[in-house]
Amino acid sequence: MTDPWVALEPGADPVERVRVLRRAHEAFTQGGAVTRPVRSVVADSWRRSARAGVGPEGTARVELTDGDLGSYRAEHPLARVMPLVRELLGTFAADGEHLLAVCDAQGRLLWVEGHPATRRRADGMNFVPGARWAESEVGTNAPGTAVALDRPVQVFAAEHFIRQVQPWTCAAAPVHDPRTGRVLGAIDITGGDRLAHPHSLGFVQAVARAAESQLALLTPPGAPADALELTALGRDEAQLLVAGRKVRLSRRHSEILVLLARHPEGLSGDELLCALYEDESVTPVTLRAELARLRRLLGPGLLGSRPYRLMVPVESDVAVVERRLETGAVTSAATAYAGPLLPGSQAPAVTRLRHRLAEGLRTALIARRDPDLLADWAHAPWGEEDLEVWRALAAVRPTPAVRARLRELETELRAPAGWAQRRRP
């Protein structure tokens, strides 16, 4: 192959190529090595798929449905360029009996559109909006592999790791945030053998570049230099993305930014002092020193004073979870929840926010009674001893393991103080 990223070059016999690939796939899935006719990009992907525990008879899981899917799509950055993507690819997909698909950076399909008969066929393998097509979930496939490798890729027939996908051919290209460079997702075209041509890969790559250009035009003036993204869930030290630069914050700076992100109108020095310190003996001088260090870390023009405030909008993972809960998108909220907010923080305002966010999500999960969502929470480090969640899980999934864990927790709850510590080796 002159281009390792193209699945089938002009003049090649697709029938013979399929025959060779099926033999190679069968040999690999039965424990053999990858044979030479398999492209290196596919061979590497097969190995990653096997290491991830993907089986050749597997199928994609639908993670987002109904309101969860609608809410997640509406707030996803790629929603803003879908009219352009449809204009460029929609007619091609419909006329050629193909499908246009767009996924997020985790390989979840957000939109799947195109020829009605082709969509019905694709439904049989869960190639539908809301399904997870990450390489780690369903093995080698164009959208999942494109976001895994962060580059355009074409996958032909038996190059797919899962057998039920092998009648299909697809080409996908990642789309990047023009501000930060991070992968937002991928644009994919899926159909039959006619897509096994270099032009289809070049076409979808051109559409992805057009989408990035459109996103750049839609970005407000000044945003490329000033936009802030704060990640604070499940970690003691938050991470800030500022002007494409990742900054790991100290614990105190993490607390300050979490609070200022929630108060765009700003907070006075006294308000911040009360929010951050339990010890009333801490002086304003201490706080001013922390804010001075934070201002130097962020760079000029981002942290204002009198009141203390962030001078540009900031998006945080805390706000994402809260918005999704408010709209009833419980699955999406649980997906975005990476763990308790700054779990090591003792700052009074952060502690209250951490408890309120966790309690709001777990209450929604219990009310939803979805066994998968409850199991995810119960088996997470923060849910291992959550008796109420384990009771809810036992009610909808009463497996022996779940019931045994519930009995253990109930026994510990009834035991005298200190019993649990004495019984541990």
# chains A, B, ... in the order shown; residues from 1 in each chain; ligands from 1
$ residues_around --residues "Gly144 of chain A" --least-positions-apart "4" --cutoff "12 Å" --atoms "only C-alpha atoms" --output "ChimeraX atom specification"
/A:45,48-49,60,101-109,127,131-140,148-155,160-161,170-174,185-188
$ select_by_dssp --residues "segment 139-309 of chain A" --states "helix (DSSP H, G or I)" --output "PyMOL selection string"
chain A and resi 142-149+157-159+163-165+193-195+198-218+223-226+251-262+269-276+284-298
$ residues_around --residues "Gly130 of chain A" --least-positions-apart "3" --cutoff "8 Å" --atoms "only C-alpha atoms" --output "ChimeraX atom specification"
/A:62-65,69,108-110
$ closest_residue --among "A:Leu241, A:Cys274, A:Ile366, A:Ala79" --to "Ala349 of chain A" --atoms "only C-alpha atoms"
A:Cys274
$ select_by_dssp --residues "segment 163-235 of chain A" --states "strand (DSSP E or B)" --output "PDB file with C-alpha atoms, in the first residue's frame"
ATOM      1  CA  THR A 169     -16.716   0.209   5.219  1.00  0.00           C
ATOM      2  CA  CYS A 170     -16.176   3.559   6.902  1.00  0.00           C
ATOM      3  CA  ALA A 171     -13.894   6.591   6.851  1.00  0.00           C
ATOM      4  CA  ALA A 172     -13.580   9.154   9.636  1.00  0.00           C
ATOM      5  CA  ALA A 173     -11.544  12.226  10.520  1.00  0.00           C
ATOM      6  CA  PRO A 174     -11.168  13.920  13.921  1.00  0.00           C
ATOM      7  CA  VAL A 175     -12.384  17.462  14.549  1.00  0.00           C
ATOM      8  CA  HIS A 176     -10.347  19.701  16.852  1.00  0.00           C
ATOM      9  CA  VAL A 183     -10.119  16.473  19.912  1.00  0.00           C
ATOM     10  CA  LEU A 184     -13.852  17.219  20.059  1.00  0.00           C
ATOM     11  CA  GLY A 185     -14.955  14.142  18.143  1.00  0.00           C
ATOM     12  CA  ALA A 186     -14.947  12.797  14.609  1.00  0.00           C
ATOM     13  CA  ILE A 187     -16.967  12.982  11.395  1.00  0.00           C
ATOM     14  CA  ASP A 188     -17.614   9.620   9.755  1.00  0.00           C
ATOM     15  CA  ILE A 189     -19.092   8.271   6.536  1.00  0.00           C
ATOM     16  CA  THR A 190     -20.237   4.642   6.707  1.00  0.00           C
ATOM     17  CA  GLY A 191     -21.602   2.374   3.976  1.00  0.00           C
ATOM     18  CA  LEU A 228     -10.738  28.976  30.699  1.00  0.00           C
ATOM     19  CA  GLU A 229     -11.715  25.366  31.366  1.00  0.00           C
ATOM     20  CA  LEU A 230     -11.562  24.059  34.920  1.00  0.00           C
ATOM     21  CA  THR A 231     -11.460  20.368  35.833  1.00  0.00           C
ATOM     22  CA  LEU A 233     -13.953  16.589  40.005  1.00  0.00           C
TER      23      LEU A 233
END
$ atom_distance --atom1 "atom CA of Gly328 of chain A" --atom2 "atom CA of Leu357 of chain A"
14.1 Å
$ closest_residue --among "A:Thr145, A:Gln239, A:Gln346, A:Thr351" --to "Glu315 of chain A" --atoms "only C-alpha atoms"
A:Gln239
$ residues_around --residues "Gly301 of chain A" --least-positions-apart "6" --cutoff "10 Å" --atoms "only C-alpha atoms" --output "list in words"
Asp226, Arg295, Leu310, Met311 and Val312 of chain A
$ write_last_selection --atoms "N, CA and C atoms" --output "mmCIF file, in the first residue's frame"
data_model
loop_
_atom_site.group_PDB
_atom_site.id
_atom_site.type_symbol
_atom_site.label_atom_id
_atom_site.label_comp_id
_atom_site.auth_asym_id
_atom_site.auth_seq_id
_atom_site.Cartn_x
_atom_site.Cartn_y
_atom_site.Cartn_z
ATOM 1 N N ASP A 226 -8.247 33.774 25.926
ATOM 2 C CA ASP A 226 -8.737 33.973 27.282
ATOM 3 C C ASP A 226 -9.608 32.847 27.832
ATOM 4 N N ARG A 295 -2.566 35.150 40.458
ATOM 5 C CA ARG A 295 -2.577 36.112 39.349
ATOM 6 C C ARG A 295 -1.337 35.940 38.471
ATOM 7 N N LEU A 310 -13.020 36.448 38.000
ATOM 8 C CA LEU A 310 -12.380 36.057 36.748
ATOM 9 C C LEU A 310 -12.893 36.971 35.649
ATOM 10 N N MET A 311 -11.989 37.485 34.836
ATOM 11 C CA MET A 311 -12.347 38.486 33.839
ATOM 12 C C MET A 311 -12.870 37.886 32.543
ATOM 13 N N VAL A 312 -12.871 36.556 32.426
ATOM 14 C CA VAL A 312 -13.383 35.875 31.238
ATOM 15 C C VAL A 312 -14.292 34.737 31.704
#
$ closest_residue --among "A:Arg362, A:Arg17, A:Arg323, A:Arg405" --to "Asp68 of chain A" --atoms "only C-alpha atoms"
A:Arg323
$ residues_around --residues "Asp270 of chain A" --least-positions-apart "6" --cutoff "10 Å" --atoms "only C-alpha atoms" --output "number ranges by chain"
A: 276, 283-284, 287, 307
$ write_last_selection --atoms "C-alpha atoms" --output "mmCIF file, in the first residue's frame"
data_model
loop_
_atom_site.group_PDB
_atom_site.id
_atom_site.type_symbol
_atom_site.label_atom_id
_atom_site.label_comp_id
_atom_site.auth_asym_id
_atom_site.auth_seq_id
_atom_site.Cartn_x
_atom_site.Cartn_y
_atom_site.Cartn_z
ATOM 1 C CA LEU A 276 -11.915 29.226 52.270
ATOM 2 C CA THR A 283 -5.699 37.166 58.096
ATOM 3 C CA PRO A 284 -6.594 38.966 54.842
ATOM 4 C CA LEU A 287 -5.430 35.506 51.265
ATOM 5 C CA PRO A 307 -14.248 42.302 44.023
#
$ residues_around --residues "His355 of chain A" --least-positions-apart "6" --cutoff "12 Å" --atoms "only C-alpha atoms" --output "list in words"
Gly339, Pro340, Leu341, Leu342, Pro343, Ser345, Gln346, Pro348, Ala349, Leu361, Arg362, Thr363 and Trp382 of chain A
$ write_last_selection --atoms "N, CA and C atoms" --output "short mmCIF file (atom, residue, chain, number, x, y, z; two decimals), in the first residue's frame"
data_model
loop_
_atom_site.label_atom_id
_atom_site.label_comp_id
_atom_site.auth_asym_id
_atom_site.auth_seq_id
_atom_site.Cartn_x
_atom_site.Cartn_y
_atom_site.Cartn_z
N GLY A 339 -15.87 12.09 40.04
CA GLY A 339 -15.61 11.85 41.45
C GLY A 339 -15.93 13.09 42.27
N PRO A 340 -15.82 13.00 43.58
CA PRO A 340 -16.13 14.15 44.45
C PRO A 340 -15.27 15.36 44.12
N LEU A 341 -15.84 16.53 44.32
CA LEU A 341 -15.16 17.79 44.07
C LEU A 341 -14.03 18.00 45.08
N LEU A 342 -12.80 18.14 44.57
CA LEU A 342 -11.63 18.40 45.43
C LEU A 342 -11.75 17.63 46.75
N PRO A 343 -11.72 16.29 46.71
CA PRO A 343 -12.08 15.50 47.90
C PRO A 343 -11.24 15.78 49.14
N SER A 345 -10.24 18.77 50.10
CA SER A 345 -10.42 20.15 50.56
C SER A 345 -11.28 20.21 51.82
N GLN A 346 -10.86 21.07 52.75
CA GLN A 346 -11.63 21.33 53.96
C GLN A 346 -12.23 22.73 53.94
N PRO A 348 -14.78 25.47 53.81
CA PRO A 348 -16.21 25.32 54.10
C PRO A 348 -17.10 25.39 52.86
N ALA A 349 -16.89 26.36 51.99
CA ALA A 349 -17.76 26.51 50.82
C ALA A 349 -17.57 25.36 49.84
N LEU A 361 -26.67 14.08 42.66
CA LEU A 361 -26.51 13.04 41.64
C LEU A 361 -26.95 11.68 42.17
N ARG A 362 -26.55 11.32 43.38
CA ARG A 362 -26.92 10.00 43.90
C ARG A 362 -28.42 9.90 44.11
N THR A 363 -29.06 11.00 44.53
CA THR A 363 -30.52 10.99 44.67
C THR A 363 -31.19 10.75 43.32
N TRP A 382 -16.02 6.24 45.81
CA TRP A 382 -16.88 7.06 46.67
C TRP A 382 -18.22 6.40 46.97
#
$ closest_residue --among "A:Thr335, A:Arg36, A:Pro398, A:Pro14" --to "His197 of chain A" --atoms "only C-alpha atoms"
A:Pro14
$ residues_around --residues "Ala117 of chain A" --least-positions-apart "6" --cutoff "12 Å" --atoms "only C-alpha atoms" --output "compact mmCIF listing (two decimals) with N, CA, C and O atoms, in the first residue's frame"
# COMPACT_ATOMS: atom_id res chain seq x y z
N ALA A 93 -24.30 11.23 1.41
CA ALA A 93 -24.71 10.05 2.17
C ALA A 93 -26.04 9.50 1.69
O ALA A 93 -26.19 8.29 1.48
N ALA A 94 -27.01 10.39 1.49
CA ALA A 94 -28.34 9.93 1.08
C ALA A 94 -28.32 9.33 -0.32
O ALA A 94 -28.88 8.25 -0.55
N ASP A 95 -27.67 10.01 -1.26
CA ASP A 95 -27.64 9.52 -2.64
C ASP A 95 -26.84 8.23 -2.79
O ASP A 95 -27.15 7.39 -3.63
N GLY A 96 -25.80 8.10 -2.01
CA GLY A 96 -24.96 6.91 -2.11
C GLY A 96 -25.38 5.77 -1.21
O GLY A 96 -24.68 4.75 -1.12
N GLU A 97 -26.52 5.93 -0.50
CA GLU A 97 -27.01 4.94 0.45
C GLU A 97 -25.98 4.70 1.57
O GLU A 97 -25.75 3.58 2.01
N HIS A 98 -25.36 5.81 1.98
CA HIS A 98 -24.40 5.77 3.08
C HIS A 98 -25.01 6.43 4.32
O HIS A 98 -26.15 6.93 4.29
N LEU A 99 -24.22 6.46 5.38
CA LEU A 99 -24.61 7.14 6.61
C LEU A 99 -23.59 8.20 6.97
O LEU A 99 -22.37 7.97 6.85
N ASP A 123 -29.04 -0.10 12.46
CA ASP A 123 -29.67 -0.25 13.77
C ASP A 123 -29.38 -1.63 14.37
O ASP A 123 -29.28 -1.78 15.59
N GLY A 124 -29.25 -2.63 13.49
CA GLY A 124 -29.04 -4.00 13.95
C GLY A 124 -27.71 -4.20 14.66
O GLY A 124 -27.54 -5.17 15.40
N GLY A 191 -20.77 3.00 5.00
CA GLY A 191 -21.60 2.37 3.98
C GLY A 191 -21.00 1.07 3.50
O GLY A 191 -20.43 0.32 4.29
$ closest_residue --among "A:Ala364, A:Ala329, A:Ala395, A:Ser254" --to "Gly67 of chain A" --atoms "only C-alpha atoms"
A:Ala329
$ atom_distance --atom1 "atom CA of Ala43 of chain A" --atom2 "atom CA of Ala24 of chain A"
9.9 Å
$ atom_distance --atom1 "atom CA of Leu291 of chain A" --atom2 "atom CA of Ala261 of chain A"
14.5 Å
